[in-house]
Amino acid sequence: MRTGLIFDLDGVLISTDIYHRQAWAAVAAKLGIAVDDDLADQLRGISRMASLECILRGYDRTLSMEEKEALAAEKNRIYRWFLESLTPASISRDVMEALSSLRRQGYSMAIGSSSRNAPFIADRTGLRPFFDVIIDGSMIRNAKPDPEVFILAASGLGLPPDRCIVIEDSESGIEAARSAGCFSIATGNAVSYGKADTAISSFGDLPDAIEIIRRKAAWQ
Ligand code: BG6
Ligand code: MG
């Protein structure tokens, strides 16, 4: 049977996690809240509104839904401004080479992202042709750590979740992969979480990590 690779987007295929952080920092600063490393890591993978709720835990006033929606819209405006600068050169050589090689080897490949901006990023950077399926934040009811995004991605690839490997940089994403019944590879911030099946420090290590999981799962 085929094997599926489901990639998270922000912080895995491209460093847009930095732009998410900078956009939230600008919005939070107006409320007198600082987005430190710890808070920024908690925002990885979770939805736009869940991120705002997380930021507001450090705030002493209760905001109305209209106020929250205005803040989330403001964050997205700033984030979209950063995204305007993206080009195919925004994807690292390591990532491009790994995707080309895995594609040639016949893996079925998907993006599974909580972001409603994922299709825009995939188009701007030329990532789209590498993937059979892109599941983004507008296609799901519940964002990570809910497994919905990965269950949909596996189903879009025509594979059972336990025949798919998720590559993630967030704790919420590793939890989503586990709940979906997928195997998982941690990268970046998710490495220290320690709950993925294996971890990589760079994209060049991806083929070895996939091999470790293939053996663990006893796939033919
Ligand atoms: C995820 C990011 O990919 O998408 C989160 O890791 C972000 O930080 C989420 O909150 C939603 O993104 P967007 O672009 O729909 O606001
Ligand atoms: Mg991510």
# chains A, B, ... in the order shown; residues from 1 in each chain; ligands from 1
$ residues_near_ligand --ligand "ligand 2" --cutoff "8 Å" --atoms "only C-alpha atoms and all ligand atoms" --output "list in words"
Asp8, Leu9, Asp10, Gly11, Val12, Asp17, Arg44, Gly45, Ser113, Glu168, Asp169, Ser170 and Gly173 of chain A
$ write_last_selection --atoms "N, CA, C and O atoms" --output "PDB file, in the first residue's frame"
ATOM      1  N   ASP A   8       2.594  19.843   8.044  1.00  0.00           N
ATOM      2  CA  ASP A   8       2.121  21.118   8.529  1.00  0.00           C
ATOM      3  C   ASP A   8       2.805  22.188   7.660  1.00  0.00           C
ATOM      4  O   ASP A   8       3.842  21.912   7.045  1.00  0.00           O
ATOM      5  N   LEU A   9       2.223  23.379   7.609  1.00  0.00           N
ATOM      6  CA  LEU A   9       2.800  24.423   6.745  1.00  0.00           C
ATOM      7  C   LEU A   9       3.659  25.415   7.550  1.00  0.00           C
ATOM      8  O   LEU A   9       4.895  25.436   7.430  1.00  0.00           O
ATOM      9  N   ASP A  10       2.984  26.224   8.406  1.00  0.00           N
ATOM     10  CA  ASP A  10       3.686  27.296   9.133  1.00  0.00           C
ATOM     11  C   ASP A  10       4.704  26.709  10.116  1.00  0.00           C
ATOM     12  O   ASP A  10       4.331  25.965  11.023  1.00  0.00           O
ATOM     13  N   GLY A  11       5.972  27.017   9.918  1.00  0.00           N
ATOM     14  CA  GLY A  11       7.005  26.529  10.833  1.00  0.00           C
ATOM     15  C   GLY A  11       7.586  25.186  10.428  1.00  0.00           C
ATOM     16  O   GLY A  11       8.507  24.692  11.061  1.00  0.00           O
ATOM     17  N   VAL A  12       7.027  24.579   9.344  1.00  0.00           N
ATOM     18  CA  VAL A  12       7.578  23.302   8.859  1.00  0.00           C
ATOM     19  C   VAL A  12       8.087  23.486   7.425  1.00  0.00           C
ATOM     20  O   VAL A  12       9.276  23.314   7.157  1.00  0.00           O
ATOM     21  N   ASP A  17       5.799  31.072  10.701  1.00  0.00           N
ATOM     22  CA  ASP A  17       5.519  31.113  12.155  1.00  0.00           C
ATOM     23  C   ASP A  17       6.053  32.420  12.754  1.00  0.00           C
ATOM     24  O   ASP A  17       5.458  32.992  13.667  1.00  0.00           O
ATOM     25  N   ARG A  44       1.381  28.129  18.357  1.00  0.00           N
ATOM     26  CA  ARG A  44       1.657  27.315  17.164  1.00  0.00           C
ATOM     27  C   ARG A  44       0.527  26.306  16.944  1.00  0.00           C
ATOM     28  O   ARG A  44       0.153  25.585  17.872  1.00  0.00           O
ATOM     29  N   GLY A  45       0.031  26.256  15.733  1.00  0.00           N
ATOM     30  CA  GLY A  45      -0.917  25.202  15.346  1.00  0.00           C
ATOM     31  C   GLY A  45      -2.367  25.493  15.669  1.00  0.00           C
ATOM     32  O   GLY A  45      -3.258  24.986  15.006  1.00  0.00           O
ATOM     33  N   SER A 113      -3.052  22.088   7.503  1.00  0.00           N
ATOM     34  CA  SER A 113      -2.760  23.330   8.240  1.00  0.00           C
ATOM     35  C   SER A 113      -4.016  23.899   8.873  1.00  0.00           C
ATOM     36  O   SER A 113      -5.103  23.806   8.301  1.00  0.00           O
ATOM     37  N   GLU A 168       5.412  17.881  11.920  1.00  0.00           N
ATOM     38  CA  GLU A 168       4.836  18.986  12.719  1.00  0.00           C
ATOM     39  C   GLU A 168       5.868  19.719  13.565  1.00  0.00           C
ATOM     40  O   GLU A 168       6.820  19.116  14.064  1.00  0.00           O
ATOM     41  N   ASP A 169       5.619  21.042  13.755  1.00  0.00           N
ATOM     42  CA  ASP A 169       6.491  21.820  14.650  1.00  0.00           C
ATOM     43  C   ASP A 169       5.755  22.239  15.927  1.00  0.00           C
ATOM     44  O   ASP A 169       6.341  22.949  16.742  1.00  0.00           O
ATOM     45  N   SER A 170       4.480  21.835  16.082  1.00  0.00           N
ATOM     46  CA  SER A 170       3.729  22.299  17.257  1.00  0.00           C
ATOM     47  C   SER A 170       3.288  21.139  18.145  1.00  0.00           C
ATOM     48  O   SER A 170       3.035  20.029  17.655  1.00  0.00           O
ATOM     49  N   GLY A 173      -0.102  20.129  17.108  1.00  0.00           N
ATOM     50  CA  GLY A 173      -0.087  19.313  15.899  1.00  0.00           C
ATOM     51  C   GLY A 173       0.305  17.866  16.185  1.00  0.00           C
ATOM     52  O   GLY A 173      -0.236  16.937  15.579  1.00  0.00           O
TER      53      GLY A 173
END
$ closest_atom_pairs --of "chain A" --to "ligand 1" --cutoff "9 Å" --atoms "only C-alpha atoms and all ligand atoms" --output "CSV"
residue,atom,partner,partner_atom_place_in_ligand_line,distance
A:Asp8,CA,ligand 1,3 (O),7.1
A:Leu9,CA,ligand 1,3 (O),6.1
A:Asp10,CA,ligand 1,3 (O),4.8
A:Gly11,CA,ligand 1,6 (O),7.0
A:Thr16,CA,ligand 1,2 (C),8.3
A:Asp17,CA,ligand 1,6 (O),6.1
A:His20,CA,ligand 1,8 (O),5.7
A:Arg21,CA,ligand 1,8 (O),7.4
A:Ala40,CA,ligand 1,8 (O),8.2
A:Asp41,CA,ligand 1,8 (O),8.5
A:Gln42,CA,ligand 1,8 (O),8.5
A:Leu43,CA,ligand 1,8 (O),5.0
A:Arg44,CA,ligand 1,6 (O),3.9
A:Gly45,CA,ligand 1,6 (O),3.5
A:Ile46,CA,ligand 1,10 (O),5.1
A:Ser47,CA,ligand 1,11 (C),4.3
A:Arg48,CA,ligand 1,10 (O),4.1
A:Met49,CA,ligand 1,10 (O),7.5
A:Ala50,CA,ligand 1,10 (O),7.4
A:Ser51,CA,ligand 1,10 (O),5.7
A:Leu52,CA,ligand 1,10 (O),8.5
A:Ala72,CA,ligand 1,16 (O),7.9
A:Ala73,CA,ligand 1,16 (O),8.8
A:Lys75,CA,ligand 1,16 (O),7.9
A:Asn76,CA,ligand 1,16 (O),6.0
A:Tyr79,CA,ligand 1,14 (O),7.6
A:Arg80,CA,ligand 1,14 (O),8.3
A:Gly112,CA,ligand 1,3 (O),8.7
A:Ser113,CA,ligand 1,3 (O),5.1
A:Ser114,CA,ligand 1,4 (O),4.3
A:Ser115,CA,ligand 1,12 (O),3.4
A:Arg116,CA,ligand 1,15 (O),3.7
A:Asn117,CA,ligand 1,14 (O),4.5
A:Ala118,CA,ligand 1,14 (O),6.9
A:Asp136,CA,ligand 1,15 (O),8.1
A:Gly137,CA,ligand 1,15 (O),5.8
A:Ser138,CA,ligand 1,15 (O),7.7
A:Ala143,CA,ligand 1,9 (C),8.2
A:Lys144,CA,ligand 1,1 (C),8.6
A:Asp169,CA,ligand 1,6 (O),8.4
A:Ser170,CA,ligand 1,6 (O),7.3
A:Gly173,CA,ligand 1,6 (O),8.8
$ select_by_dssp --residues "range 9-216 of chain A" --states "strand (DSSP E or B)" --output "PyMOL selection string"
chain A and resi 10+14+108-112+133-135+164-168+183-186+198-199
$ closest_residue --among "A:Asp94, A:Glu69, A:Asp162, A:Glu175" --to "Leu206 in chain A" --atoms "only C-alpha atoms"
A:Asp94
$ residues_around --residues "Ile185 in chain A" --least-positions-apart "3" --cutoff "8 Å" --atoms "only C-alpha atoms" --output "list in words"
Ile165, Val166, Ile167, Glu168, Ala196, Asp197, Thr198, Ala199, Ile200 and Ala209 of chain A
$ select_by_dssp --residues "range 35-204 of chain A" --states "alpha helix (DSSP H)" --output "VMD selection string"
chain A and resid 37 to 42 48 to 56 65 to 83 93 to 104 118 to 125 148 to 157 171 to 180
$ atom_distance --atom1 "CA of Arg214 in chain A" --atom2 "CA of Glu171 in chain A"
22.5 Å
$ atom_distance --atom1 "CA of Arg103 in chain A" --atom2 "CA of Arg141 in chain A"
29.5 Å
$ residues_around --residues "Arg178 in chain A" --least-positions-apart "5" --cutoff "8 Å" --atoms "only C-alpha atoms" --output "number ranges by chain"
A: 147, 183-184
$ write_last_selection --atoms "C-alpha atoms" --output "JSON list (two decimals), in the first residue's frame"
[["chain", "number", "residue", "atom", "x", "y", "z"],
["A", 147, "PRO", "CA", -7.46, 15.47, 14.74],
["A", 183, "PHE", "CA", 2.56, 8.47, 12.89],
["A", 184, "SER", "CA", 4.43, 11.71, 13.57]]
$ residues_around --residues "Ala180 in chain A" --least-positions-apart "3" --cutoff "7 Å" --atoms "only C-alpha atoms" --output "NGL selection string"
:A and (147 or 150-151 or 161 or 176-177)
$ closest_residue --among "A:Ser201, A:Pro207, A:Ala122, A:Ala34" --to "Ser101 in chain A" --atoms "only C-alpha atoms"
A:Pro207
$ atom_distance --atom1 "CA of Cys54 in chain A" --atom2 "CA of Ser85 in chain A"
27.7 Å
$ closest_residue --among "A:Leu127, A:Ala23, A:Met1, A:Ile91" --to "Cys164 in chain A" --atoms "only C-alpha atoms"
A:Met1
